[in-house]
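Peer 1: Structure file query-v9.cif (mmCIF, C-alpha atoms) is given on the next line.
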```
data_data
#
loop_
_atom_site.label_atom_id
_atom_site.label_comp_id
_atom_site.auth_asym_id
_atom_site.auth_seq_id
_atom_site.Cartn_x
_atom_site.Cartn_y
_atom_site.Cartn_z
CA MET A 1 5.83 9.52 -35.76
CA ASN A 2 9.55 9.93 -36.36
CA PRO A 3 11.28 11.35 -33.26
CA ASP A 4 14.65 13.06 -33.58
CA GLY A 5 17.33 10.48 -34.27
CA SER A 6 15.03 7.69 -35.39
CA LEU A 7 16.03 8.03 -39.06
CA ARG A 8 19.80 8.12 -38.50
CA THR A 9 21.74 5.58 -40.53
CA ASP A 10 24.67 5.35 -38.11
CA ARG A 11 22.74 3.65 -35.33
CA PRO A 12 24.79 1.04 -33.44
CA VAL A 13 23.80 -2.62 -33.73
CA ILE A 14 23.77 -4.97 -30.74
CA THR A 15 26.02 -7.93 -31.54
CA SER A 16 25.57 -9.77 -28.24
CA ALA A 17 23.46 -9.33 -25.10
CA PRO A 18 22.18 -11.54 -22.27
CA LYS A 19 18.81 -13.17 -22.93
CA THR A 20 17.64 -12.93 -19.32
CA LEU A 21 18.44 -10.51 -16.50
CA GLU A 22 17.46 -10.25 -12.87
CA GLN A 23 17.50 -7.24 -10.59
CA GLY A 24 21.02 -6.52 -9.36
CA ASN A 25 22.75 -8.35 -12.21
CA THR A 26 25.84 -6.91 -13.86
CA PHE A 27 25.80 -7.54 -17.59
CA THR A 28 27.64 -6.79 -20.83
CA ILE A 29 26.14 -5.67 -24.14
CA THR A 30 28.42 -5.71 -27.17
CA LEU A 31 27.83 -3.27 -30.04
CA ASP A 32 29.38 -2.86 -33.47
CA ASN A 33 30.08 0.82 -32.81
CA ALA A 34 29.77 2.04 -29.24
CA SER A 35 31.63 5.29 -29.88
CA VAL A 36 28.49 7.15 -31.07
CA ILE A 37 26.62 6.52 -27.78
CA ASN A 38 26.16 9.26 -25.18
CA LYS A 39 23.54 7.55 -23.02
CA LEU A 40 21.92 4.10 -22.80
CA GLU A 41 18.20 3.45 -22.36
CA LEU A 42 17.16 -0.19 -22.06
CA ILE A 43 13.50 -0.42 -23.04
CA LYS A 44 11.31 -3.48 -23.25
CA PHE A 45 8.89 -3.88 -26.14
CA GLY A 46 5.59 -2.36 -25.03
CA ASP A 47 2.26 -3.92 -24.06
CA ALA A 48 -0.14 -1.19 -23.00
CA THR A 49 -3.83 -1.01 -22.19
CA HIS A 50 -5.99 1.75 -20.72
CA SER A 51 -3.28 4.38 -21.17
CA PHE A 52 -0.78 2.32 -19.22
CA ASP A 53 2.04 -0.11 -19.90
CA ALA A 54 2.83 -1.94 -16.67
CA ALA A 55 5.95 -3.48 -18.22
CA GLN A 56 7.49 -0.14 -19.23
CA ASP A 57 10.12 0.15 -16.50
CA ALA A 58 13.30 2.17 -16.46
CA ILE A 59 16.27 0.29 -15.01
CA MET B 1 -8.58 -15.03 -7.00
CA GLY B 2 -10.54 -11.82 -7.50
CA THR B 3 -9.01 -8.44 -8.17
CA SER B 4 -7.70 -7.74 -4.66
CA THR B 5 -5.20 -10.60 -4.26
CA PRO B 6 -2.01 -10.26 -6.34
CA GLU B 7 -0.68 -13.33 -8.09
CA LEU B 8 2.94 -14.08 -8.93
CA TYR B 9 4.05 -15.91 -12.07
CA THR B 10 7.35 -17.75 -11.95
CA PRO B 11 8.57 -19.23 -15.26
CA GLY B 12 8.61 -23.00 -14.90
CA ALA B 13 6.60 -22.96 -11.67
CA GLY B 14 3.38 -21.23 -12.70
CA TRP B 15 1.03 -18.97 -10.76
CA GLN B 16 1.00 -18.42 -7.00
CA ALA B 17 -1.48 -16.33 -5.03
CA LEU B 18 -0.14 -13.76 -2.55
CA PRO B 19 -2.88 -13.58 0.10
CA GLY B 20 -0.59 -11.57 2.42
CA ALA B 21 -0.80 -8.69 -0.07
CA TYR B 22 -4.61 -8.67 -0.21
CA ASN B 23 -5.78 -5.06 -0.69
CA ALA B 24 -9.45 -4.40 0.19
CA ASP B 25 -9.35 -1.02 -1.58
CA GLN B 26 -9.15 -2.91 -4.87
CA ASN B 27 -12.51 -4.60 -4.26
CA THR B 28 -14.07 -1.39 -5.56
CA ASN B 29 -11.11 0.50 -7.06
CA TRP B 30 -9.88 -2.39 -9.12
CA TYR B 31 -9.52 -0.86 -12.53
CA PHE B 32 -6.02 -0.81 -13.93
CA PRO B 33 -3.81 0.26 -11.00
CA ARG B 34 -0.58 2.01 -12.04
CA THR B 35 2.25 -0.28 -10.87
CA PHE B 36 6.03 -0.02 -11.09
CA LEU B 37 8.98 -2.15 -10.03
CA SER B 38 10.96 -0.26 -7.38
CA SER B 39 14.72 -0.54 -7.01
CA ASN B 40 14.13 -2.08 -3.55
CA GLY B 41 12.40 -5.05 -5.19
CA GLY B 42 8.87 -4.09 -4.20
CA ILE B 43 6.04 -3.20 -6.57
CA PHE B 44 4.91 0.38 -5.99
CA GLY B 45 1.56 1.57 -7.28
CA TRP B 46 -1.61 3.54 -6.87
CA ASP B 47 -5.22 2.52 -7.27
CA THR B 48 -7.13 4.56 -9.80
CA ASN B 49 -10.19 6.40 -8.51
CA SER B 50 -9.19 6.18 -4.81
CA GLY B 51 -5.56 7.19 -5.37
CA GLN B 52 -4.45 4.80 -2.61
CA LEU B 53 -0.65 4.42 -2.67
CA PHE B 54 0.65 0.96 -1.92
CA GLN B 55 3.71 -1.24 -2.12
CA VAL B 56 3.59 -5.01 -2.55
CA PHE B 57 6.42 -7.39 -1.72
CA THR B 58 6.30 -10.90 -3.15
CA ALA B 59 8.33 -12.90 -0.61
CA GLY B 60 6.45 -15.76 1.06
CA ASN B 61 2.70 -15.14 0.96
CA GLY B 62 3.28 -11.53 -0.07
CA SER B 63 2.90 -8.37 2.01
CA LEU B 64 1.27 -4.97 1.55
CA ASN B 65 2.22 -1.49 2.76
CA VAL B 66 -0.41 1.25 2.35
CA LEU B 67 1.37 4.59 1.93
CA GLY B 68 -1.43 7.19 1.87
CA ASN B 69 -3.00 8.73 -1.22
CA THR B 70 -1.91 10.60 -4.33
CA PRO B 71 -2.04 14.42 -3.97
CA PHE B 72 -3.88 14.49 -7.31
CA THR B 73 -7.07 12.80 -8.51
CA ALA B 74 -6.07 9.41 -9.86
CA ASN B 75 -8.00 8.10 -12.85
CA ALA B 76 -7.73 4.96 -14.96
CA ASN B 77 -7.89 7.15 -18.07
CA LEU B 78 -4.67 9.05 -17.29
CA PRO B 79 -1.26 7.70 -18.27
CA ALA B 80 1.90 7.17 -16.22
CA ALA B 81 5.38 6.01 -17.22
CA MET B 82 8.59 5.32 -15.30
CA TYR B 83 11.18 7.38 -17.20
CA ALA B 84 14.14 6.68 -14.90
CA PRO B 85 14.75 4.21 -12.08
CA ASP B 86 12.27 5.01 -9.27
CA LYS B 87 10.94 8.11 -11.11
CA ILE B 88 7.48 8.21 -12.65
CA LEU B 89 5.86 10.88 -14.84
CA THR B 90 2.07 11.16 -14.76
CA ILE B 91 -0.60 13.81 -15.41
CA ASP B 92 -3.76 14.78 -13.54
CA PRO B 93 -7.26 15.76 -14.78
CA GLN B 94 -6.39 19.47 -14.58
CA GLY B 95 -3.52 19.06 -17.04
CA ASN B 96 -0.78 19.33 -14.43
CA ALA B 97 2.16 16.95 -14.69
CA TRP B 98 3.68 15.17 -11.68
CA ILE B 99 6.95 13.47 -10.92
CA VAL B 100 6.53 10.64 -8.44
CA ASN B 101 9.78 9.59 -6.77
CA ILE B 102 9.63 6.11 -5.21
CA SER B 103 13.27 5.77 -4.17
CA GLY B 104 12.53 6.25 -0.46
CA ALA B 105 10.26 4.53 2.07
CA THR B 106 7.37 6.83 1.13
CA PRO B 107 6.82 8.39 -2.30
CA THR B 108 7.38 12.11 -2.91
CA PHE B 109 5.52 14.21 -5.47
CA THR B 110 6.67 17.21 -7.54
CA GLU B 111 4.02 19.13 -9.47
CA MET B 112 4.58 20.83 -12.84
CA ARG B 113 1.55 23.10 -12.89
CA GLY B 114 -0.15 24.37 -16.02
CA VAL B 115 2.29 22.98 -18.57
CA ILE B 116 -0.29 20.83 -20.33
CA GLY B 117 -3.24 23.00 -19.35
CA GLU B 118 -6.16 20.65 -19.88
CA ASN B 119 -7.32 17.12 -19.24
CA ARG B 120 -5.82 14.50 -21.56
CA SER B 121 -8.16 11.60 -20.83
CA TRP B 122 -6.99 8.36 -22.51
CA ALA B 123 -3.73 9.98 -23.63
CA ASN B 124 -0.53 7.92 -23.74
CA LEU B 125 2.88 8.54 -22.20
CA LEU B 126 5.76 6.74 -23.89
CA VAL B 127 9.46 6.71 -23.01
CA LEU B 128 11.41 7.26 -26.24
CA ALA B 129 14.78 5.82 -27.19
CA ASP B 130 16.64 8.97 -26.08
CA GLY B 131 14.97 9.04 -22.65
CA THR B 132 12.48 11.84 -23.42
CA VAL B 133 8.79 11.14 -22.79
CA LEU B 134 6.07 11.59 -25.42
CA LEU B 135 2.54 12.66 -24.42
CA SER B 136 0.07 12.07 -27.25
CA GLY B 137 -3.66 11.82 -27.80
CA GLY B 138 -6.46 12.21 -25.30
CA SER B 139 -9.38 14.59 -24.87
CA VAL B 140 -10.83 16.95 -22.24
CA VAL B 141 -14.07 14.96 -21.98
CA PRO B 142 -13.25 11.24 -21.81
CA ASN B 143 -13.40 9.59 -25.23
CA ASP B 144 -14.88 12.69 -26.89
CA LEU B 145 -13.97 13.72 -30.42
CA PRO B 146 -14.85 17.46 -30.20
CA SER B 147 -12.51 18.02 -27.24
CA ALA B 148 -9.67 15.82 -28.50
CA THR B 149 -6.08 17.08 -28.56
CA ASN B 150 -4.10 15.82 -31.54
CA THR B 151 -0.92 17.77 -30.76
CA ALA B 152 1.76 15.76 -28.98
CA MET B 153 4.09 17.16 -26.33
CA LEU B 154 7.60 16.02 -25.46
CA TRP B 155 9.08 16.17 -21.95
CA ASN B 156 12.83 16.24 -21.38
CA PRO B 157 13.68 14.83 -17.93
CA ASP B 158 17.15 16.41 -18.03
CA THR B 159 15.82 19.98 -18.37
CA GLY B 160 12.26 19.53 -17.06
CA GLN B 161 11.01 21.36 -20.16
CA TRP B 162 7.87 20.52 -22.15
CA THR B 163 7.83 21.28 -25.88
CA VAL B 164 5.03 21.05 -28.42
CA ASP B 165 5.71 18.27 -30.88
CA ALA B 166 4.07 16.70 -33.96
CA THR B 167 0.33 16.94 -34.65
CA ALA B 168 -1.55 13.76 -35.55
CA ASN B 169 -4.15 13.60 -38.29
CA VAL B 170 -6.66 11.75 -36.14
CA ALA B 171 -7.67 11.66 -32.48
CA ARG B 172 -6.31 8.90 -30.22
CA LEU B 173 -8.78 8.20 -27.43
CA TYR B 174 -10.19 5.19 -25.52
CA HIS B 175 -7.99 2.09 -25.99
CA SER B 176 -5.47 4.01 -28.08
CA ASN B 177 -1.84 3.03 -27.73
CA THR B 178 1.64 4.18 -28.59
CA LEU B 179 4.50 1.76 -29.07
CA LEU B 180 8.23 2.36 -29.37
CA LEU B 181 9.54 0.43 -32.36
CA PRO B 182 13.02 -1.14 -32.52
CA ASP B 183 14.20 1.60 -34.94
CA ALA B 184 13.15 4.36 -32.46
CA ARG B 185 10.04 5.43 -34.37
CA VAL B 186 6.66 5.57 -32.61
CA LEU B 187 3.60 3.62 -33.70
CA SER B 188 0.42 5.45 -32.64
CA VAL B 189 -2.76 3.41 -33.04
CA GLY B 190 -6.35 2.83 -32.09
CA GLY B 191 -8.82 4.48 -30.13
CA GLY B 192 -12.27 5.40 -29.20
CA ALA B 193 -15.00 7.75 -30.45
CA PRO B 194 -16.97 8.15 -32.71
CA ALA B 195 -19.37 5.53 -34.14
CA ARG B 196 -21.91 5.71 -31.34
CA SER B 197 -24.41 7.25 -33.77
CA SER B 198 -26.01 5.17 -36.47
CA THR B 199 -26.12 8.31 -38.65
CA SER B 200 -22.36 7.99 -39.12
CA ILE B 201 -22.85 4.86 -41.19
CA PRO B 202 -24.39 5.72 -44.58
CA LYS B 203 -27.29 3.35 -45.00
CA SER B 204 -26.69 3.01 -48.75
CA THR B 205 -23.43 1.16 -48.11
CA ARG B 206 -24.96 -1.50 -45.88
CA PRO B 207 -25.16 -5.01 -47.29
CA ALA B 208 -28.59 -6.46 -47.96
CA ILE B 209 -29.52 -10.06 -47.26
CA SER B 210 -30.82 -11.38 -50.54
#
```
What would the structure in this file look like if it were written as structure tokens?

Peer 2:
Amino acid sequence: MNPDGSLRTDRPVITSAPKTLEQGNTFTITLDNASVINKLELIKFGDATHSFDAAQDAI
Amino acid sequence: MGTSTPELYTPGAGWQALPGAYNADQNTNWYFPRTFLSSNGGIFGWDTNSGQLFQVFTAGNGSLNVLGNTPFTANANLPAAMYAPDKILTIDPQGNAWIVNISGATPTFTEMRGVIGENRSWANLLVLADGTVLLSGGSVVPNDLPSATNTAMLWNPDTGQWTVDATANVARLYHSNTLLLPDARVLSVGGGAPARSSTSIPKSTRPAIS
């Protein structure tokens, strides 16, 4: 499936980001072009079973 | 340790049992509890089947708070996803959607009645790159091809609106999965019926031992 926006060619690229984070941390992510961003969603790669992904957390 | 005692993995230190968070309800209602990291550091969840709401804290030997029961019938074949910090979207067997808010000491529930309209057993909920949530797959009768729903729905948390989305070519049922890919597309795979009947396998194609 191709959701809206998934085929855009002007998607920003992450140039640097922390490798590990803990709850309460403040962190910086650097992008090549942050001006096109309205909202950030940080999503871990999924690992689901039985209709549920216990690692899919919004932060 | 059995299913009722949580265990904590710490990189570099290994596994540690949390006997203080032992939950007897999970002796029988063990299958695939829905669990979420709360902003207060606890792990909030509900047992499927019983619908028992609980919160586990991992400090020391662990601790358990039992917080009542879900106002809907909880089932291991119904999906749930945390779409914003402390906010969970799930659906019930009647096809009603629920927002579970776990920001306070006890969870609160908001029902969105009738928007889906039927059971979506073994469906998947997936948070997309723009923060909307995709509901796909499932069937009215668990893992049943004739009652499968191939049409996906999309929920927008900002407006609360559900919209009908793409229609898949095949049913996605038991052990199906959806996965958000790094380029924001969705991989939809796997899942379930049919192949219970030997008549579905043409005998002429079967290999013969010579």

Peer 1: Apply the PyMOL selection byres ((chain B) within 10 of (chain A)) to the structure shown and report the selected residues as a PyMOL selection string.

Peer 2: chain B and resi 31-41+76-88+121-132+134+137-138+154+165-168+173-188

Peer 1: Determine the residue membership of the PyMOL selection byres ((chain B and resi 19-27) around 10) for the file above and supply it as a PyMOL selection string.

Peer 2: chain B and resi 1-7+16-18+28-33+47-48+50-52+54-66

Peer 1: Quick one: distance from atom CA of Asp158 of chain B to atom CA of Ile37 of chain A in Å, one decimal?

Peer 2: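 Taking atom CA of Asp158 of chain B and atom CA of Ile37 of chain A, their separation equals 16.8 Å.
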
Peer 1: Please compute the atom CA of Leu53 of chain B-atom CA of Ile99 of chain B distance, one decimal, in Å.

Peer 2: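 Atom CA of Leu53 of chain B sits 14.4 Å away from atom CA of Ile99 of chain B.
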
Peer 1: What's the separation between atom CA of Thr149 of chain B and atom CA of Arg120 of chain B, in Å to one decimal place?

Peer 2: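 Atom-to-atom, atom CA of Thr149 of chain B and atom CA of Arg120 of chain B are spaced 7.5 Å apart.
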
Peer 1: Could I see segment 4-39 of chain A restored to N, CA and C atoms, set down as an mmCIF file, in the coordinates of the input?

Peer 2:
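New file selection-v7.cif:
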```
data_model
loop_
_atom_site.group_PDB
_atom_site.id
_atom_site.type_symbol
_atom_site.label_atom_id
_atom_site.label_comp_id
_atom_site.auth_asym_id
_atom_site.auth_seq_id
_atom_site.Cartn_x
_atom_site.Cartn_y
_atom_site.Cartn_z
ATOM 1 N N ASP A 4 13.283 12.711 -33.222
ATOM 2 C CA ASP A 4 14.650 13.060 -33.580
ATOM 3 C C ASP A 4 15.549 11.824 -33.410
ATOM 4 N N GLY A 5 16.373 11.566 -34.401
ATOM 5 C CA GLY A 5 17.330 10.480 -34.270
ATOM 6 C C GLY A 5 16.847 9.152 -34.807
ATOM 7 N N SER A 6 15.531 9.009 -35.004
ATOM 8 C CA SER A 6 15.030 7.690 -35.390
ATOM 9 C C SER A 6 15.405 7.327 -36.817
ATOM 10 N N LEU A 7 15.725 8.318 -37.656
ATOM 11 C CA LEU A 7 16.030 8.030 -39.060
ATOM 12 C C LEU A 7 17.534 8.056 -39.336
ATOM 13 N N ARG A 8 18.353 8.125 -38.295
ATOM 14 C CA ARG A 8 19.800 8.120 -38.500
ATOM 15 C C ARG A 8 20.246 6.775 -39.062
ATOM 16 N N THR A 9 21.243 6.818 -39.927
ATOM 17 C CA THR A 9 21.740 5.580 -40.530
ATOM 18 C C THR A 9 22.956 5.022 -39.796
ATOM 19 N N ASP A 10 23.449 5.788 -38.807
ATOM 20 C CA ASP A 10 24.670 5.350 -38.110
ATOM 21 C C ASP A 10 24.334 4.756 -36.739
ATOM 22 N N ARG A 11 23.132 4.187 -36.626
ATOM 23 C CA ARG A 11 22.740 3.650 -35.330
ATOM 24 C C ARG A 11 23.530 2.379 -35.016
ATOM 25 N N PRO A 12 24.019 2.242 -33.799
ATOM 26 C CA PRO A 12 24.790 1.040 -33.440
ATOM 27 C C PRO A 12 23.909 -0.208 -33.442
ATOM 28 N N VAL A 13 24.502 -1.336 -33.713
ATOM 29 C CA VAL A 13 23.800 -2.620 -33.730
ATOM 30 C C VAL A 13 24.308 -3.475 -32.572
ATOM 31 N N ILE A 14 23.388 -4.078 -31.840
ATOM 32 C CA ILE A 14 23.770 -4.970 -30.740
ATOM 33 C C ILE A 14 24.253 -6.281 -31.331
ATOM 34 N N THR A 15 25.481 -6.675 -31.002
ATOM 35 C CA THR A 15 26.020 -7.930 -31.540
ATOM 36 C C THR A 15 25.907 -9.068 -30.524
ATOM 37 N N SER A 16 25.868 -8.734 -29.227
ATOM 38 C CA SER A 16 25.570 -9.770 -28.240
ATOM 39 C C SER A 16 25.012 -9.112 -26.977
ATOM 40 N N ALA A 17 24.090 -9.828 -26.331
ATOM 41 C CA ALA A 17 23.460 -9.330 -25.100
ATOM 42 C C ALA A 17 22.872 -10.516 -24.356
ATOM 43 N N PRO A 18 22.785 -10.432 -23.022
ATOM 44 C CA PRO A 18 22.180 -11.540 -22.270
ATOM 45 C C PRO A 18 20.695 -11.682 -22.599
ATOM 46 N N LYS A 19 20.220 -12.919 -22.621
ATOM 47 C CA LYS A 19 18.810 -13.170 -22.930
ATOM 48 C C LYS A 19 17.924 -12.936 -21.717
ATOM 49 N N THR A 20 18.443 -13.158 -20.525
ATOM 50 C CA THR A 20 17.640 -12.930 -19.320
ATOM 51 C C THR A 20 18.480 -12.137 -18.317
ATOM 52 N N LEU A 21 17.788 -11.309 -17.536
ATOM 53 C CA LEU A 21 18.440 -10.510 -16.500
ATOM 54 C C LEU A 21 17.571 -10.533 -15.258
ATOM 55 N N GLU A 22 18.209 -10.428 -14.092
ATOM 56 C CA GLU A 22 17.460 -10.250 -12.870
ATOM 57 C C GLU A 22 17.982 -9.022 -12.163
ATOM 58 N N GLN A 23 17.139 -8.466 -11.281
ATOM 59 C CA GLN A 23 17.500 -7.240 -10.590
ATOM 60 C C GLN A 23 18.826 -7.427 -9.845
ATOM 61 N N GLY A 24 19.723 -6.464 -10.017
ATOM 62 C CA GLY A 24 21.020 -6.520 -9.360
ATOM 63 C C GLY A 24 22.115 -7.151 -10.194
ATOM 64 N N ASN A 25 21.744 -7.741 -11.334
ATOM 65 C CA ASN A 25 22.750 -8.350 -12.210
ATOM 66 C C ASN A 25 23.671 -7.305 -12.824
ATOM 67 N N THR A 26 24.928 -7.680 -13.011
ATOM 68 C CA THR A 26 25.840 -6.910 -13.860
ATOM 69 C C THR A 26 25.914 -7.620 -15.206
ATOM 70 N N PHE A 27 25.845 -6.876 -16.293
ATOM 71 C CA PHE A 27 25.800 -7.540 -17.590
ATOM 72 C C PHE A 27 26.554 -6.745 -18.641
ATOM 73 N N THR A 28 26.886 -7.411 -19.737
ATOM 74 C CA THR A 28 27.640 -6.790 -20.830
ATOM 75 C C THR A 28 26.827 -6.850 -22.110
ATOM 76 N N ILE A 29 26.733 -5.724 -22.797
ATOM 77 C CA ILE A 29 26.140 -5.670 -24.140
ATOM 78 C C ILE A 29 27.242 -5.256 -25.101
ATOM 79 N N THR A 30 27.399 -6.021 -26.177
ATOM 80 C CA THR A 30 28.420 -5.710 -27.170
ATOM 81 C C THR A 30 27.769 -5.071 -28.394
ATOM 82 N N LEU A 31 28.376 -3.980 -28.882
ATOM 83 C CA LEU A 31 27.830 -3.270 -30.040
ATOM 84 C C LEU A 31 28.896 -3.182 -31.125
ATOM 85 N N ASP A 32 28.419 -2.984 -32.375
ATOM 86 C CA ASP A 32 29.380 -2.860 -33.470
ATOM 87 C C ASP A 32 30.104 -1.514 -33.429
ATOM 88 N N ASN A 33 29.454 -0.499 -32.863
ATOM 89 C CA ASN A 33 30.080 0.820 -32.810
ATOM 90 C C ASN A 33 29.555 1.578 -31.598
ATOM 91 N N ALA A 34 30.227 1.414 -30.476
ATOM 92 C CA ALA A 34 29.770 2.040 -29.240
ATOM 93 C C ALA A 34 30.199 3.492 -29.127
ATOM 94 N N SER A 35 31.054 3.962 -30.041
ATOM 95 C CA SER A 35 31.630 5.290 -29.880
ATOM 96 C C SER A 35 30.610 6.402 -30.108
ATOM 97 N N VAL A 36 29.477 6.103 -30.777
ATOM 98 C CA VAL A 36 28.490 7.150 -31.070
ATOM 99 C C VAL A 36 27.484 7.311 -29.923
ATOM 100 N N ILE A 37 27.629 6.535 -28.846
ATOM 101 C CA ILE A 37 26.620 6.520 -27.780
ATOM 102 C C ILE A 37 26.973 7.519 -26.683
ATOM 103 N N ASN A 38 26.008 8.369 -26.328
ATOM 104 C CA ASN A 38 26.160 9.260 -25.180
ATOM 105 C C ASN A 38 25.478 8.705 -23.943
ATOM 106 N N LYS A 39 24.354 8.005 -24.145
ATOM 107 C CA LYS A 39 23.540 7.550 -23.020
ATOM 108 C C LYS A 39 22.825 6.270 -23.438
#
```
